[in-house]
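Trainee: Just upload_0.cif, nothing more (mmCIF, C-alpha atoms):
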data_data
loop_
_atom_site.label_atom_id
_atom_site.label_comp_id
_atom_site.auth_asym_id
_atom_site.auth_seq_id
_atom_site.Cartn_x
_atom_site.Cartn_y
_atom_site.Cartn_z
CA MET R 6 35.46 23.44 -18.10
CA LEU R 7 34.18 20.31 -19.80
CA SER R 8 30.53 19.44 -19.45
CA GLU R 9 29.33 16.28 -17.73
CA LYS R 10 28.56 14.77 -21.15
CA GLN R 11 32.02 15.57 -22.50
CA ILE R 12 33.67 14.02 -19.44
CA GLN R 13 31.46 10.93 -19.75
CA GLN R 14 32.39 10.52 -23.41
CA ALA R 15 36.11 11.05 -22.83
CA LEU R 16 36.11 8.44 -20.06
CA HIS R 17 33.81 6.06 -21.98
CA ALA R 18 31.75 5.95 -18.79
CA SER R 19 28.61 3.86 -18.94
CA ARG R 20 26.88 5.86 -16.22
CA VAL R 21 27.09 9.10 -14.28
CA VAL R 22 25.74 9.40 -10.76
CA PRO R 23 25.79 12.65 -8.75
CA LEU R 24 27.11 12.13 -5.23
CA ALA R 25 25.47 14.15 -2.50
CA VAL R 26 28.59 15.08 -0.56
CA ALA R 27 28.69 18.75 0.28
CA THR R 28 32.35 19.03 1.32
CA PRO R 29 34.45 16.15 0.01
CA HIS R 30 37.73 17.62 1.27
CA GLY R 31 40.13 16.50 3.97
CA PRO R 32 40.21 13.02 5.50
CA LEU R 33 36.61 13.06 6.72
CA GLY R 34 35.34 14.52 3.45
CA LEU R 35 37.15 11.85 1.45
CA GLU R 36 35.74 9.13 3.72
CA GLN R 37 32.28 10.55 3.11
CA LEU R 38 32.91 10.66 -0.62
CA ALA R 39 34.19 7.08 -0.61
CA ALA R 40 31.13 5.93 1.35
CA ALA R 41 28.84 7.62 -1.17
CA ALA R 42 30.74 6.04 -4.07
CA SER R 43 30.57 2.59 -2.48
CA ARG R 44 26.80 2.91 -2.31
CA VAL R 45 26.84 3.46 -6.07
CA ASN R 46 29.41 0.71 -6.65
CA PRO R 47 29.58 -1.72 -3.69
CA ALA R 48 32.82 -3.21 -4.99
CA LEU R 49 34.61 0.01 -4.09
CA GLY R 50 34.23 -0.29 -0.38
CA SER R 51 33.43 -2.50 2.50
CA GLY R 52 29.72 -2.12 1.90
CA ASP R 53 27.16 -4.88 2.23
CA LEU R 54 28.82 -7.86 0.59
CA GLY R 55 25.87 -10.12 1.28
CA VAL R 56 26.20 -13.76 2.29
CA ARG R 57 28.97 -15.74 0.62
CA ARG R 58 28.76 -19.52 0.50
CA PRO R 59 30.63 -22.00 -1.69
CA ILE R 60 28.26 -24.32 -3.55
CA ALA R 61 29.08 -27.38 -5.64
CA LEU R 62 27.98 -27.46 -9.30
CA ASP R 63 28.68 -29.97 -12.00
CA HIS R 64 30.94 -28.94 -14.85
CA ALA R 65 28.14 -28.81 -17.44
CA THR R 66 26.15 -26.35 -15.29
CA TRP R 67 29.18 -24.16 -14.78
CA LYS R 68 29.85 -24.21 -18.52
CA LYS R 69 26.28 -22.99 -19.17
CA LEU R 70 26.71 -20.27 -16.58
CA GLU R 71 29.88 -19.15 -18.34
CA GLN R 72 28.00 -18.98 -21.65
CA LEU R 73 25.20 -16.95 -20.05
CA ALA R 74 27.75 -14.63 -18.47
CA ASN R 75 29.47 -14.11 -21.82
CA THR R 76 26.15 -13.31 -23.47
CA ALA R 77 25.22 -10.89 -20.69
CA THR R 78 28.60 -9.18 -20.94
CA GLN R 79 28.13 -8.65 -24.68
CA THR R 80 24.56 -7.42 -24.46
CA THR R 81 24.81 -5.19 -21.42
CA SER R 82 28.42 -3.91 -21.81
CA GLN R 83 28.82 -4.71 -18.11
CA ARG R 84 31.34 -7.38 -17.21
CA VAL R 85 29.32 -10.27 -15.79
CA THR R 86 30.78 -13.36 -14.12
CA PRO R 87 29.32 -16.89 -13.97
CA SER R 88 29.01 -16.48 -10.18
CA GLN R 89 26.89 -13.37 -10.64
CA VAL R 90 24.63 -15.19 -13.09
CA ALA R 91 24.24 -18.09 -10.64
CA ALA R 92 23.41 -15.70 -7.80
CA ALA R 93 20.86 -13.84 -9.96
CA ILE R 94 19.14 -17.09 -11.02
CA ILE R 95 18.92 -18.35 -7.45
CA GLU R 96 17.67 -15.02 -6.09
CA GLN R 97 15.02 -14.73 -8.82
CA TYR R 98 13.87 -18.30 -8.29
CA VAL R 99 13.61 -17.94 -4.51
CA ALA R 100 11.87 -14.57 -4.81
CA ALA R 101 9.26 -16.10 -7.14
CA LEU R 102 8.39 -18.90 -4.73
CA SER R 103 4.91 -18.69 -3.23
CA PRO R 104 4.62 -18.39 0.57
CA GLN R 105 3.44 -22.04 0.62
CA ASP R 106 6.54 -23.14 -1.24
CA LYS R 107 8.70 -21.24 1.20
CA ALA R 108 6.99 -22.86 4.18
CA GLN R 109 7.84 -26.29 2.75
CA GLU R 110 11.54 -25.44 2.47
CA MET I 4 40.64 47.05 1.90
CA ASP I 5 42.88 47.24 -1.18
CA ASP I 6 44.97 44.48 0.38
CA LEU I 7 42.12 42.03 -0.28
CA LEU I 8 42.22 42.67 -4.01
CA VAL I 9 45.77 41.53 -4.63
CA ASN I 10 46.46 38.43 -6.62
CA PRO I 11 47.84 35.62 -4.38
CA GLN I 12 49.83 34.29 -7.35
CA GLU I 13 51.70 37.57 -7.51
CA ILE I 14 52.45 37.55 -3.79
CA PHE I 15 53.71 33.99 -3.85
CA ARG I 16 55.35 34.47 -7.27
CA SER I 17 53.48 31.42 -8.48
CA HIS I 18 52.92 31.07 -12.20
CA LEU I 19 51.20 27.73 -12.15
CA PRO I 20 47.44 27.30 -12.02
CA VAL I 21 45.89 26.24 -8.77
CA GLY I 22 43.72 23.16 -9.00
CA ALA I 23 40.21 23.52 -7.73
CA LEU I 24 38.34 20.45 -9.03
CA LEU I 25 38.61 17.29 -6.96
CA LEU I 26 39.27 14.20 -9.07
CA VAL I 27 39.26 10.85 -7.26
CA ILE I 28 39.98 7.33 -8.45
CA PHE I 29 39.45 4.25 -6.33
CA VAL I 30 42.00 1.45 -6.33
CA PRO I 31 40.40 -1.74 -5.03
CA SER I 32 42.20 -4.44 -3.12
CA ARG I 33 40.39 -7.39 -4.68
CA ASP I 34 39.09 -8.43 -8.07
CA GLN I 35 35.46 -9.22 -8.75
CA ASP I 36 36.04 -12.85 -7.76
CA GLY I 37 37.43 -11.83 -4.37
CA GLN I 38 41.07 -12.50 -5.21
CA LEU I 39 43.71 -10.06 -4.00
CA ILE I 40 45.19 -7.84 -6.69
CA ASP I 41 48.53 -6.03 -6.87
CA GLN I 42 47.05 -2.92 -5.32
CA GLU I 43 50.39 -1.17 -4.76
CA TYR I 44 51.18 -1.39 -8.45
CA TRP I 45 47.83 0.16 -9.42
CA VAL I 46 48.17 2.92 -6.81
CA ASP I 47 51.55 3.77 -8.38
CA GLU I 48 49.98 3.75 -11.83
CA GLY I 49 47.20 6.06 -10.63
CA LEU I 50 49.64 8.45 -8.95
CA THR I 51 51.88 8.52 -12.02
CA THR I 52 48.98 9.21 -14.37
CA LEU I 53 47.37 11.91 -12.24
CA GLY I 54 50.73 13.47 -11.40
CA THR I 55 51.69 13.62 -15.06
CA LEU I 56 48.36 14.97 -16.25
CA PHE I 57 47.46 17.30 -13.41
CA ARG I 58 50.80 18.12 -11.72
CA GLY I 59 50.20 16.23 -8.51
CA ALA I 60 48.32 13.47 -6.74
CA THR I 61 48.00 11.90 -3.31
CA ALA I 62 47.18 8.35 -2.27
CA TYR I 63 45.01 8.16 0.78
CA PRO I 64 44.60 4.77 2.47
CA ARG I 65 41.15 4.58 3.98
CA GLY I 66 40.35 3.22 7.38
CA ARG I 67 40.51 -0.53 7.26
CA GLY I 68 37.32 -2.42 6.54
CA VAL I 69 36.67 -5.98 7.56
CA TRP I 70 34.02 -8.58 6.89
CA ARG I 71 33.50 -12.04 8.34
CA ASP I 72 33.39 -14.92 5.89
CA ASP I 73 31.31 -17.58 7.62
CA ALA I 74 31.94 -19.98 4.78
CA ARG I 75 35.58 -20.00 5.79
CA GLY I 76 35.04 -20.61 9.47
CA GLY I 77 34.49 -16.96 10.26
CA THR I 78 37.77 -15.84 8.72
CA LEU I 79 38.05 -12.08 8.72
CA LEU I 80 38.82 -10.77 5.24
CA ARG I 81 40.10 -7.23 4.93
CA GLU I 82 39.05 -4.73 2.31
CA GLU I 83 41.40 -1.83 1.91
CA PRO I 84 40.48 0.27 -1.11
CA ILE I 85 42.83 3.19 -1.59
CA ILE I 86 41.75 6.61 -2.80
CA VAL I 87 44.05 8.42 -5.22
CA PHE I 88 43.07 12.02 -5.69
CA SER I 89 44.20 15.21 -7.33
CA TYR I 90 43.09 18.81 -7.34
CA VAL I 91 42.80 19.73 -10.99
CA ALA I 92 42.84 23.13 -12.64
CA ALA I 93 39.76 23.43 -14.85
CA ALA I 94 42.00 24.32 -17.80
CA ASP I 95 43.88 21.02 -17.40
CA LEU I 96 40.72 18.92 -17.49
CA THR I 97 40.76 18.39 -21.24
CA THR I 98 39.40 15.58 -23.38
CA ASN I 99 42.98 14.62 -24.19
CA ALA I 100 43.89 14.37 -20.49
CA LEU I 101 40.77 12.33 -19.76
CA ALA I 102 41.54 10.06 -22.71
CA GLN I 103 44.95 9.33 -21.17
CA LEU I 104 43.36 8.77 -17.77
CA TYR I 105 40.87 6.41 -19.41
CA ARG I 106 43.71 4.34 -20.87
CA THR I 107 45.20 3.77 -17.40
CA LEU I 108 41.84 3.03 -15.81
CA SER I 109 40.86 0.77 -18.66
CA ARG I 110 44.05 -1.22 -18.20
CA MET I 111 43.38 -1.47 -14.46
CA GLY I 112 39.84 -2.66 -15.09
CA ARG I 113 40.93 -5.29 -17.55
CA GLU I 114 44.14 -6.56 -15.93
CA ALA I 115 42.85 -6.41 -12.35
CA ASN I 116 39.56 -8.06 -13.36
CA GLN I 117 37.19 -5.32 -12.17
CA GLY I 118 33.51 -5.15 -12.98
CA GLU I 119 33.54 -1.37 -12.92
CA ILE I 120 36.13 1.33 -12.34
CA GLY I 121 34.90 4.42 -10.54
CA VAL I 122 36.08 8.01 -10.97
CA VAL I 123 34.66 11.00 -9.17
CA ILE I 124 35.08 14.39 -10.80
CA ASP I 125 33.58 17.48 -9.22
CA GLY I 126 31.07 15.52 -7.17
CA LYS I 127 29.90 13.15 -9.91
CA TYR I 128 30.65 9.44 -10.09
CA TYR I 129 31.60 8.11 -13.53
CA GLY I 130 31.39 4.31 -13.84
CA ILE I 131 33.63 2.74 -16.47
CA THR I 132 32.82 -0.76 -17.67
CA ASN I 133 34.08 -0.67 -21.25
CA TYR I 134 37.76 -1.48 -21.30
CA ILE I 135 39.86 -1.09 -24.43
CA GLU I 136 42.18 -3.84 -25.60
CA GLU I 137 45.76 -2.66 -26.15
#
Could you render the structure as structure tokens?

Mentor:
Amino acid sequence: MLSEKQIQQALHASRVVPLAVATPHGPLGLEQLAAAASRVNPALGSGDLGVRRPIALDHATWKKLEQLANTATQTTSQRVTPSQVAAAIIEQYVAALSPQDKAQE
Amino acid sequence: MDDLLVNPQEIFRSHLPVGALLLVIFVPSRDQDGQLIDQEYWVDEGLTTLGTLFRGATAYPRGRGVWRDDARGGTLLREEPIIVFSYVAAADLTTNALAQLYRTLSRMGREANQGEIGVVIDGKYYGITNYIEE
């Protein structure tokens, strides 16, 4: 039996996360396993997708977001999209606002 | 009590190993930009790969998920990830077999525009984000 490290290397996996599912067998067990996996990787299931809104950006801004996404993809080895960069910038900016700033929104 | 000590493989005249490790791959329905992908094709690819490497595989469509997209007038968008799984004999779980599995998953990640491909082996989630170019 291969070790966790050997499996990770063979699959070129960037991370390994133990799933706390005692009996992942049968339909209910597989559902439980899938739910646990979707908590690790929300894209795998119908987990919390957050709020989705289309916003208008000029082409130059989008181009910069694409450049930032490319840089992030190269440096983190995670595939990053311009939309994800835009969402991260907005979330960080809003989170950093003082309560007074938020009251003026 | 001697009856309990017999080898089931002898009784059933089975000469093939019985898989005991659960290996699961998840085939998403959408790419990371929310666009539908050819899920049926990737389920077939997953079944073919697992069947070839580990002697058998099953696709299990999960209960349907749904989410409301308020930006599109409350349109209900459906998420239907499909689980493809196999019970693998420990002796078959080799680095060579996993390398072949990685090639299929890497192609799915790249061609279906996925941020991360997930595999569960024996209760552990392995996240794959590095996709090879072929």

Trainee: Please write as a PyMOL selection string the full residue list that the PyMOL selection byres ((chain I) within 6 of (chain R)) yields on this file.

Mentor: chain I and resi 68+74+93+98+101-102+105+118+126-132

Trainee: The PyMOL selection byres ((chain I and resi 136) around 12) on the file shown: which residues, as number ranges by chain?

Mentor: I: 106-114, 133-135, 137

Trainee: One number please: CA of Val123 in chain I to CA of Ile28 in chain I, in Å, one decimal.

Mentor: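 Distance reported for this atom pair: 6.5 Å.
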
Trainee: Leaving out range 52-58 of chain I and any residue of its chain fewer than 4 positions from it, which residues lie within 8 Å of it when counting only C-alpha atoms, given as an MDAnalysis selection string?

Mentor: chainID I and resid 48 88:92 95 100 103:104 107

Trainee: So the first atom is CA of Arg44 in chain R and the second is CA of Gly121 in chain I; what is the distance between them in Å, to one decimal place?

Mentor: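 Atom-to-atom, CA of Arg44 in chain R and CA of Gly121 in chain I are spaced 11.6 Å apart.
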